[in-house]
Every structure is written in structure tokens, then in C-alpha cells.
Amino acid sequence: MATRDTIVIGASAGGVQALMTLVTALPADLPAAVFIVLHIPADSPSLLPGILARESNLPVAHAINDEPIRRGRVYVAPPDRHLLIENNRIKLVHGPRENFHRPSIDALFRSAARWAGPRAIGVVLTGAMDDGAVGMRDIKQRGGITIVQDPSEAFMASMPLNVMRKVRVNHSLPLREIGPLLYTLSQQAADEEGDHPLSDQVEIKANIAGQPLDSSELIASIEKLGKVSQLTCPDCHGALWEMRDEDILRYRCHVGHAFSAERLSDGQSEMLEMALWSAVRALEEQMMLSRRIVERARRANHNRAAEKFEIRAQEAERNSSILRQLLLGDGKGAISDPVIENTDEMSLP
């Protein structure tokens, strides 16, 4: 009899404290393996296993590529690697970022839906934006159980709320109740896997994240998922395909980068800001060069040239000032900053 032996957990801003509370409540005889993705910078060391191990009744460690999965253990995604489940083993890949993140919550959840099916339990905790929503839907469609932290107590409620908007979750609970519920659910029999067949979309997206495909296969897979749009990828500047999805608007490029519409909008804002700062730099360089030409022209009594380049310097200065004011946000219509997720483990006890 198959039981619910695969627990996948995703968290972002405020997630370390939430994970500490949840993991502490899991008993030593938990008959399931626990997999955790916390959004962390790619170039920062992760202290999460040590932090969680202080109070955990279960062994906690960074996941190791190709190690066999064992029940009663907590596996944490290392920085800059997707943590995936494949054939009862762990797979770590440096695949394309999803929603600007590697490790990705959606990538882990999707792999759990693919390989564990009804045995999977998905948990989304505090965090910004909508990461985890698509992965939770995959788990739900495969007959797994879906749980979110009560948004009213979350440090940042966006992630749980977005999951609840897009998925009819099984449970929305305070943190202190999630651990005991996981223990109860992990002892229950799971549905037969054949009752919840794997969709082609989940299979294709899992292959894209796992990167077993060559370039032509990857592009063909993306084309099966959607239609090419007029938008470009903020990560690699390639063409984006709009996914065929009636419920959640999402995009992927032929490299494999994936975005929700909200995350893509943030990425475009960052690209626009970079372009505007480049314009400010070019205008200020034009101003400095024009004034240098003015100095030389006046010394040589070339008054017409001096007047011409003085006008050009003034126009460049005026235009750069307008752009700078827009970028610094001191007027109407200023570019707003995207949401910044504070996941700095170094600041925690």
C-alpha cells in the first residue's frame, strides 16, 4: 500500500523562521522524505540546513546529486541548483531559472507531481509574488495534497494567497498546525497513481527543468506548450512563448526560462530601467564631449561651431536630467521598484 511519503515545501521572504517552526514540529518517526526550496541568492552560501538542524528531530542536510531518497530525512536545495525528484533519487541541475529563481519552487513541485503523483504533499509558506502556484496545481491534478500557510499570519502573504487563487487547496493552516497534519497525512494510503494520469504538459516541463533534451528537442518541446509571442525573455533576450493555459498566464523562452505574467512584468521593468540608465549615461557623455568641443572651438574663434555644440550640450543635460528624475522616483510616473524578497539567512539566529 502506497502512502503519502513525499513532502515538498517552498518558501521565500520570511521563510527561514517559518521553516524552523514547521520542521521542529515533525517527529523523528515521520514516514516520509521532506524536500525544501528556499529562495536564496545564487552566489551566497546557504546556512539553512544548520539552522533547521538545531531543533529538528530529523536529519537535515543539503541534497546531494543522485543520492537515494530516504524517509525520515530533510533535504534542502543548495544555492544555484534546482532540486528535483527522479526515480526515487535526487537530481540537482543547473537548469534555466524559473521566475528568476534557481532553485525553483515550481520545478521541485512539478518533479514531485511527476514521480510521486498521489503520494506527494505540497506546502507553500510565506513569500512574495506567485512562486509555487503552478507547481501546486500540478500536485493537485496528480491527486496529491496541497497545503498553504494561513496568509493572515504569514510574513508575506502573496505566495499563499496566489496559490489559493489558482488552486482549490486542501488545507490553509497556521504554521503550528502544519507539522502535525503532515505526520497524519504521511501515514495515510494514497490513491492509485493510475487514477490521476500524468499530463503531457507536466512531462514536458519536467524534462525542460531536468535538461535531458538536446537543443532541437528543447525547442520542439517549448513549441508544444504554447505559441510564440511578441515578448522577449528578460534573462536571455530570446523570444517568449505564451503557454496554452486557461487558468495561469505564463511564458517560456526556447532556452527554458519560465515566468508568470507578474514576474515577467517585473523583469521588463528592470530591463527598462537598465535601458534608461544607459540613456542617461550616453546623454551625459554627449554633454561632456560637446562642452569639450565648445572650449576648443572658442579658443580657435570658431564661434558658429561653439554655438552649435553649446546647444547640443544643453539639450543633452536637459534630457538626462528628465530621465534621472524619472528613475529616482521624485515625480509622477516614476518607475516603481519590483518586490525585493529578503531571504538573507545571515541575519537570522
# chains A, B, ... in the order shown; residues from 1 in each chain; ligands from 1
>>> select_by_dssp(residues="region 92-251 of chain A", states="strand (DSSP E)", output="PyMOL selection string")
chain A and resi 92-93+120-124+145-149+171-173+226-232+239-243+250-251
>>> residues_around(residues="region 223-237 of chain A", least_positions_apart="3", cutoff="7 Å", atoms="only C-alpha atoms", output="number ranges by chain")
A: 201, 219-220, 240-244, 253, 267-268, 271
>>> write_last_selection(atoms="N, CA and C atoms", output="mmCIF file, in the first residue's frame")
data_model
loop_
_atom_site.group_PDB
_atom_site.id
_atom_site.type_symbol
_atom_site.label_atom_id
_atom_site.label_comp_id
_atom_site.auth_asym_id
_atom_site.auth_seq_id
_atom_site.Cartn_x
_atom_site.Cartn_y
_atom_site.Cartn_z
ATOM 1 N N GLN A 201 1.794 18.111 -20.502
ATOM 2 C CA GLN A 201 2.420 19.388 -20.146
ATOM 3 C C GLN A 201 3.372 19.226 -18.970
ATOM 4 N N ILE A 219 13.561 23.010 -28.113
ATOM 5 C CA ILE A 219 12.760 23.978 -28.851
ATOM 6 C C ILE A 219 11.432 23.356 -29.275
ATOM 7 N N ALA A 220 11.466 22.113 -29.724
ATOM 8 C CA ALA A 220 10.230 21.434 -30.114
ATOM 9 C C ALA A 220 9.287 21.280 -28.927
ATOM 10 N N LEU A 240 9.789 34.695 -26.465
ATOM 11 C CA LEU A 240 8.993 34.028 -25.443
ATOM 12 C C LEU A 240 7.766 33.385 -26.075
ATOM 13 N N TRP A 241 7.443 32.193 -25.587
ATOM 14 C CA TRP A 241 6.205 31.521 -25.969
ATOM 15 C C TRP A 241 5.184 31.709 -24.855
ATOM 16 N N GLU A 242 3.959 32.051 -25.236
ATOM 17 C CA GLU A 242 2.873 32.130 -24.257
ATOM 18 C C GLU A 242 2.271 30.740 -24.105
ATOM 19 N N MET A 243 2.266 30.239 -22.862
ATOM 20 C CA MET A 243 1.808 28.889 -22.618
ATOM 21 C C MET A 243 0.301 28.760 -22.840
ATOM 22 N N ARG A 244 -0.101 27.611 -23.356
ATOM 23 C CA ARG A 244 -1.532 27.335 -23.514
ATOM 24 C C ARG A 244 -2.090 26.917 -22.162
ATOM 25 N N CYS A 253 10.864 30.793 -22.696
ATOM 26 C CA CYS A 253 11.684 31.015 -23.887
ATOM 27 C C CYS A 253 12.242 29.669 -24.344
ATOM 28 N N GLY A 267 10.458 41.746 -14.647
ATOM 29 C CA GLY A 267 11.663 41.641 -15.443
ATOM 30 C C GLY A 267 11.734 42.709 -16.522
ATOM 31 N N GLN A 268 10.598 42.998 -17.135
ATOM 32 C CA GLN A 268 10.576 44.053 -18.147
ATOM 33 C C GLN A 268 10.849 45.415 -17.523
ATOM 34 N N MET A 271 14.526 45.659 -17.140
ATOM 35 C CA MET A 271 15.154 45.903 -18.437
ATOM 36 C C MET A 271 14.975 47.356 -18.862
#
>>> closest_residue(among="A:Asn319, A:Thr126, A:Ser46, A:Ser104", to="Glu153 (chain A)", atoms="only C-alpha atoms")
A:Thr126
>>> select_by_dssp(residues="region 121-325 of chain A", states="alpha helix (DSSP H)", output="PyMOL selection string")
chain A and resi 133-141+158-166+175-186+200-210+215-225+261-299+303-325
>>> atom_distance(atom1="CA of Arg263 (chain A)", atom2="CA of Ser221 (chain A)")
22.1 Å
>>> closest_residue(among="A:Tyr183, A:Pro174, A:Asp130, A:Leu198", to="Arg250 (chain A)", atoms="only C-alpha atoms")
A:Asp130
>>> residues_around(residues="region 303-318 of chain A", least_positions_apart="2", cutoff="7 Å", atoms="only C-alpha atoms", output="mmCIF file with C-alpha atoms, in the first residue's frame")
data_model
loop_
_atom_site.group_PDB
_atom_site.id
_atom_site.type_symbol
_atom_site.label_atom_id
_atom_site.label_comp_id
_atom_site.auth_asym_id
_atom_site.auth_seq_id
_atom_site.Cartn_x
_atom_site.Cartn_y
_atom_site.Cartn_z
ATOM 1 C CA LEU A 283 23.402 61.786 -22.748
ATOM 2 C CA GLU A 284 25.843 62.854 -20.032
ATOM 3 C CA GLN A 286 27.399 63.635 -25.040
ATOM 4 C CA MET A 287 27.093 66.704 -22.798
ATOM 5 C CA SER A 290 30.057 68.752 -26.522
ATOM 6 C CA ARG A 291 31.354 71.123 -23.865
ATOM 7 C CA ILE A 293 34.348 70.786 -28.225
ATOM 8 C CA VAL A 294 32.920 74.197 -27.248
ATOM 9 C CA ALA A 297 36.095 75.985 -30.727
ATOM 10 C CA ARG A 298 36.103 79.207 -28.693
ATOM 11 C CA ASN A 301 37.457 81.605 -32.626
ATOM 12 C CA SER A 320 19.470 63.460 -18.927
ATOM 13 C CA SER A 321 18.006 65.448 -16.007
ATOM 14 C CA ILE A 322 14.472 64.474 -17.031
#
>>> atom_distance(atom1="CA of Glu55 (chain A)", atom2="CA of Asn170 (chain A)")
27.8 Å
>>> decode(residues="region 28-67 of chain A", atoms="N, CA and C atoms", output="mmCIF file, in the first residue's frame")
data_model
loop_
_atom_site.group_PDB
_atom_site.id
_atom_site.type_symbol
_atom_site.label_atom_id
_atom_site.label_comp_id
_atom_site.auth_asym_id
_atom_site.auth_seq_id
_atom_site.Cartn_x
_atom_site.Cartn_y
_atom_site.Cartn_z
ATOM 1 N N ALA A 28 10.409 12.332 14.878
ATOM 2 C CA ALA A 28 11.555 11.546 14.404
ATOM 3 C C ALA A 28 11.122 10.338 13.584
ATOM 4 N N ASP A 29 9.900 9.853 13.788
ATOM 5 C CA ASP A 29 9.442 8.673 13.047
ATOM 6 C C ASP A 29 8.572 9.037 11.848
ATOM 7 N N LEU A 30 8.753 10.237 11.297
ATOM 8 C CA LEU A 30 7.974 10.657 10.133
ATOM 9 C C LEU A 30 8.220 9.683 8.974
ATOM 10 N N PRO A 31 7.180 9.040 8.448
ATOM 11 C CA PRO A 31 7.377 8.052 7.370
ATOM 12 C C PRO A 31 7.354 8.691 5.981
ATOM 13 N N ALA A 32 8.088 9.776 5.839
ATOM 14 C CA ALA A 32 8.128 10.488 4.564
ATOM 15 C C ALA A 32 9.450 11.236 4.442
ATOM 16 N N ALA A 33 9.845 11.509 3.224
ATOM 17 C CA ALA A 33 11.003 12.363 2.960
ATOM 18 C C ALA A 33 10.518 13.787 2.731
ATOM 19 N N VAL A 34 11.297 14.757 3.226
ATOM 20 C CA VAL A 34 10.912 16.168 3.138
ATOM 21 C C VAL A 34 11.932 16.892 2.257
ATOM 22 N N PHE A 35 11.430 17.657 1.297
ATOM 23 C CA PHE A 35 12.275 18.410 0.371
ATOM 24 C C PHE A 35 11.923 19.892 0.491
ATOM 25 N N ILE A 36 12.955 20.737 0.623
ATOM 26 C CA ILE A 36 12.728 22.161 0.876
ATOM 27 C C ILE A 36 13.447 23.010 -0.162
ATOM 28 N N VAL A 37 12.721 23.968 -0.734
ATOM 29 C CA VAL A 37 13.322 25.017 -1.555
ATOM 30 C C VAL A 37 13.034 26.355 -0.891
ATOM 31 N N LEU A 38 14.100 27.071 -0.566
ATOM 32 C CA LEU A 38 14.006 28.452 -0.083
ATOM 33 C C LEU A 38 14.732 29.324 -1.093
ATOM 34 N N HIS A 39 14.096 30.379 -1.539
ATOM 35 C CA HIS A 39 14.752 31.279 -2.487
ATOM 36 C C HIS A 39 15.944 31.963 -1.821
ATOM 37 N N ILE A 40 17.118 31.732 -2.372
ATOM 38 C CA ILE A 40 18.345 32.327 -1.850
ATOM 39 C C ILE A 40 19.195 32.800 -3.022
ATOM 40 N N PRO A 41 20.061 33.797 -2.813
ATOM 41 C CA PRO A 41 20.933 34.255 -3.899
ATOM 42 C C PRO A 41 21.857 33.137 -4.375
ATOM 43 N N ALA A 42 22.119 33.121 -5.669
ATOM 44 C CA ALA A 42 22.930 32.050 -6.249
ATOM 45 C C ALA A 42 24.360 32.061 -5.744
ATOM 46 N N ASP A 43 24.887 33.241 -5.399
ATOM 47 C CA ASP A 43 26.303 33.352 -5.031
ATOM 48 C C ASP A 43 26.519 33.431 -3.527
ATOM 49 N N SER A 44 25.503 33.074 -2.739
ATOM 50 C CA SER A 44 25.637 33.121 -1.278
ATOM 51 C C SER A 44 25.617 31.713 -0.700
ATOM 52 N N PRO A 45 26.418 31.453 0.329
ATOM 53 C CA PRO A 45 26.343 30.139 0.974
ATOM 54 C C PRO A 45 25.024 29.996 1.714
ATOM 55 N N SER A 46 24.485 28.799 1.718
ATOM 56 C CA SER A 46 23.233 28.546 2.422
ATOM 57 C C SER A 46 23.513 27.932 3.791
ATOM 58 N N LEU A 47 23.024 28.592 4.822
ATOM 59 C CA LEU A 47 23.169 28.094 6.190
ATOM 60 C C LEU A 47 21.923 27.366 6.664
ATOM 61 N N LEU A 48 20.954 27.206 5.763
ATOM 62 C CA LEU A 48 19.659 26.683 6.180
ATOM 63 C C LEU A 48 19.726 25.296 6.827
ATOM 64 N N PRO A 49 20.463 24.320 6.278
ATOM 65 C CA PRO A 49 20.478 23.009 6.948
ATOM 66 C C PRO A 49 20.928 23.094 8.404
ATOM 67 N N GLY A 50 21.988 23.870 8.667
ATOM 68 C CA GLY A 50 22.453 24.011 10.047
ATOM 69 C C GLY A 50 21.436 24.700 10.934
ATOM 70 N N ILE A 51 20.754 25.699 10.401
ATOM 71 C CA ILE A 51 19.738 26.414 11.176
ATOM 72 C C ILE A 51 18.595 25.481 11.547
ATOM 73 N N LEU A 52 18.119 24.697 10.558
ATOM 74 C CA LEU A 52 16.998 23.795 10.818
ATOM 75 C C LEU A 52 17.401 22.624 11.711
ATOM 76 N N ALA A 53 18.642 22.173 11.573
ATOM 77 C CA ALA A 53 19.089 21.006 12.339
ATOM 78 C C ALA A 53 19.175 21.281 13.840
ATOM 79 N N ARG A 54 19.252 22.562 14.231
ATOM 80 C CA ARG A 54 19.384 22.880 15.650
ATOM 81 C C ARG A 54 18.248 22.301 16.484
ATOM 82 N N GLU A 55 17.032 22.357 15.952
ATOM 83 C CA GLU A 55 15.867 21.924 16.714
ATOM 84 C C GLU A 55 15.143 20.751 16.079
ATOM 85 N N SER A 56 15.590 20.300 14.898
ATOM 86 C CA SER A 56 14.858 19.264 14.178
ATOM 87 C C SER A 56 15.044 17.890 14.808
ATOM 88 N N ASN A 57 13.986 17.085 14.782
ATOM 89 C CA ASN A 57 14.062 15.687 15.200
ATOM 90 C C ASN A 57 14.548 14.787 14.067
ATOM 91 N N LEU A 58 14.674 15.364 12.867
ATOM 92 C CA LEU A 58 15.068 14.608 11.688
ATOM 93 C C LEU A 58 16.443 15.067 11.202
ATOM 94 N N PRO A 59 17.210 14.210 10.553
ATOM 95 C CA PRO A 59 18.464 14.649 9.934
ATOM 96 C C PRO A 59 18.178 15.668 8.822
ATOM 97 N N VAL A 60 18.948 16.749 8.801
ATOM 98 C CA VAL A 60 18.767 17.810 7.806
ATOM 99 C C VAL A 60 20.105 18.040 7.101
ATOM 100 N N ALA A 61 20.070 18.107 5.776
ATOM 101 C CA ALA A 61 21.309 18.332 5.023
ATOM 102 C C ALA A 61 20.981 18.867 3.643
ATOM 103 N N HIS A 62 21.982 19.494 3.019
ATOM 104 C CA HIS A 62 21.823 19.842 1.612
ATOM 105 C C HIS A 62 21.688 18.555 0.798
ATOM 106 N N ALA A 63 20.825 18.596 -0.188
ATOM 107 C CA ALA A 63 20.661 17.457 -1.079
ATOM 108 C C ALA A 63 21.943 17.238 -1.883
ATOM 109 N N ILE A 64 22.224 15.980 -2.198
ATOM 110 C CA ILE A 64 23.392 15.595 -2.988
ATOM 111 C C ILE A 64 22.899 14.918 -4.263
ATOM 112 N N ASN A 65 23.462 15.303 -5.379
ATOM 113 C CA ASN A 65 23.004 14.756 -6.650
ATOM 114 C C ASN A 65 23.129 13.241 -6.696
ATOM 115 N N ASP A 66 22.073 12.588 -7.141
ATOM 116 C CA ASP A 66 21.996 11.139 -7.370
ATOM 117 C C ASP A 66 21.955 10.314 -6.083
ATOM 118 N N GLU A 67 21.800 10.946 -4.932
ATOM 119 C CA GLU A 67 21.676 10.136 -3.719
ATOM 120 C C GLU A 67 20.276 9.536 -3.637
#
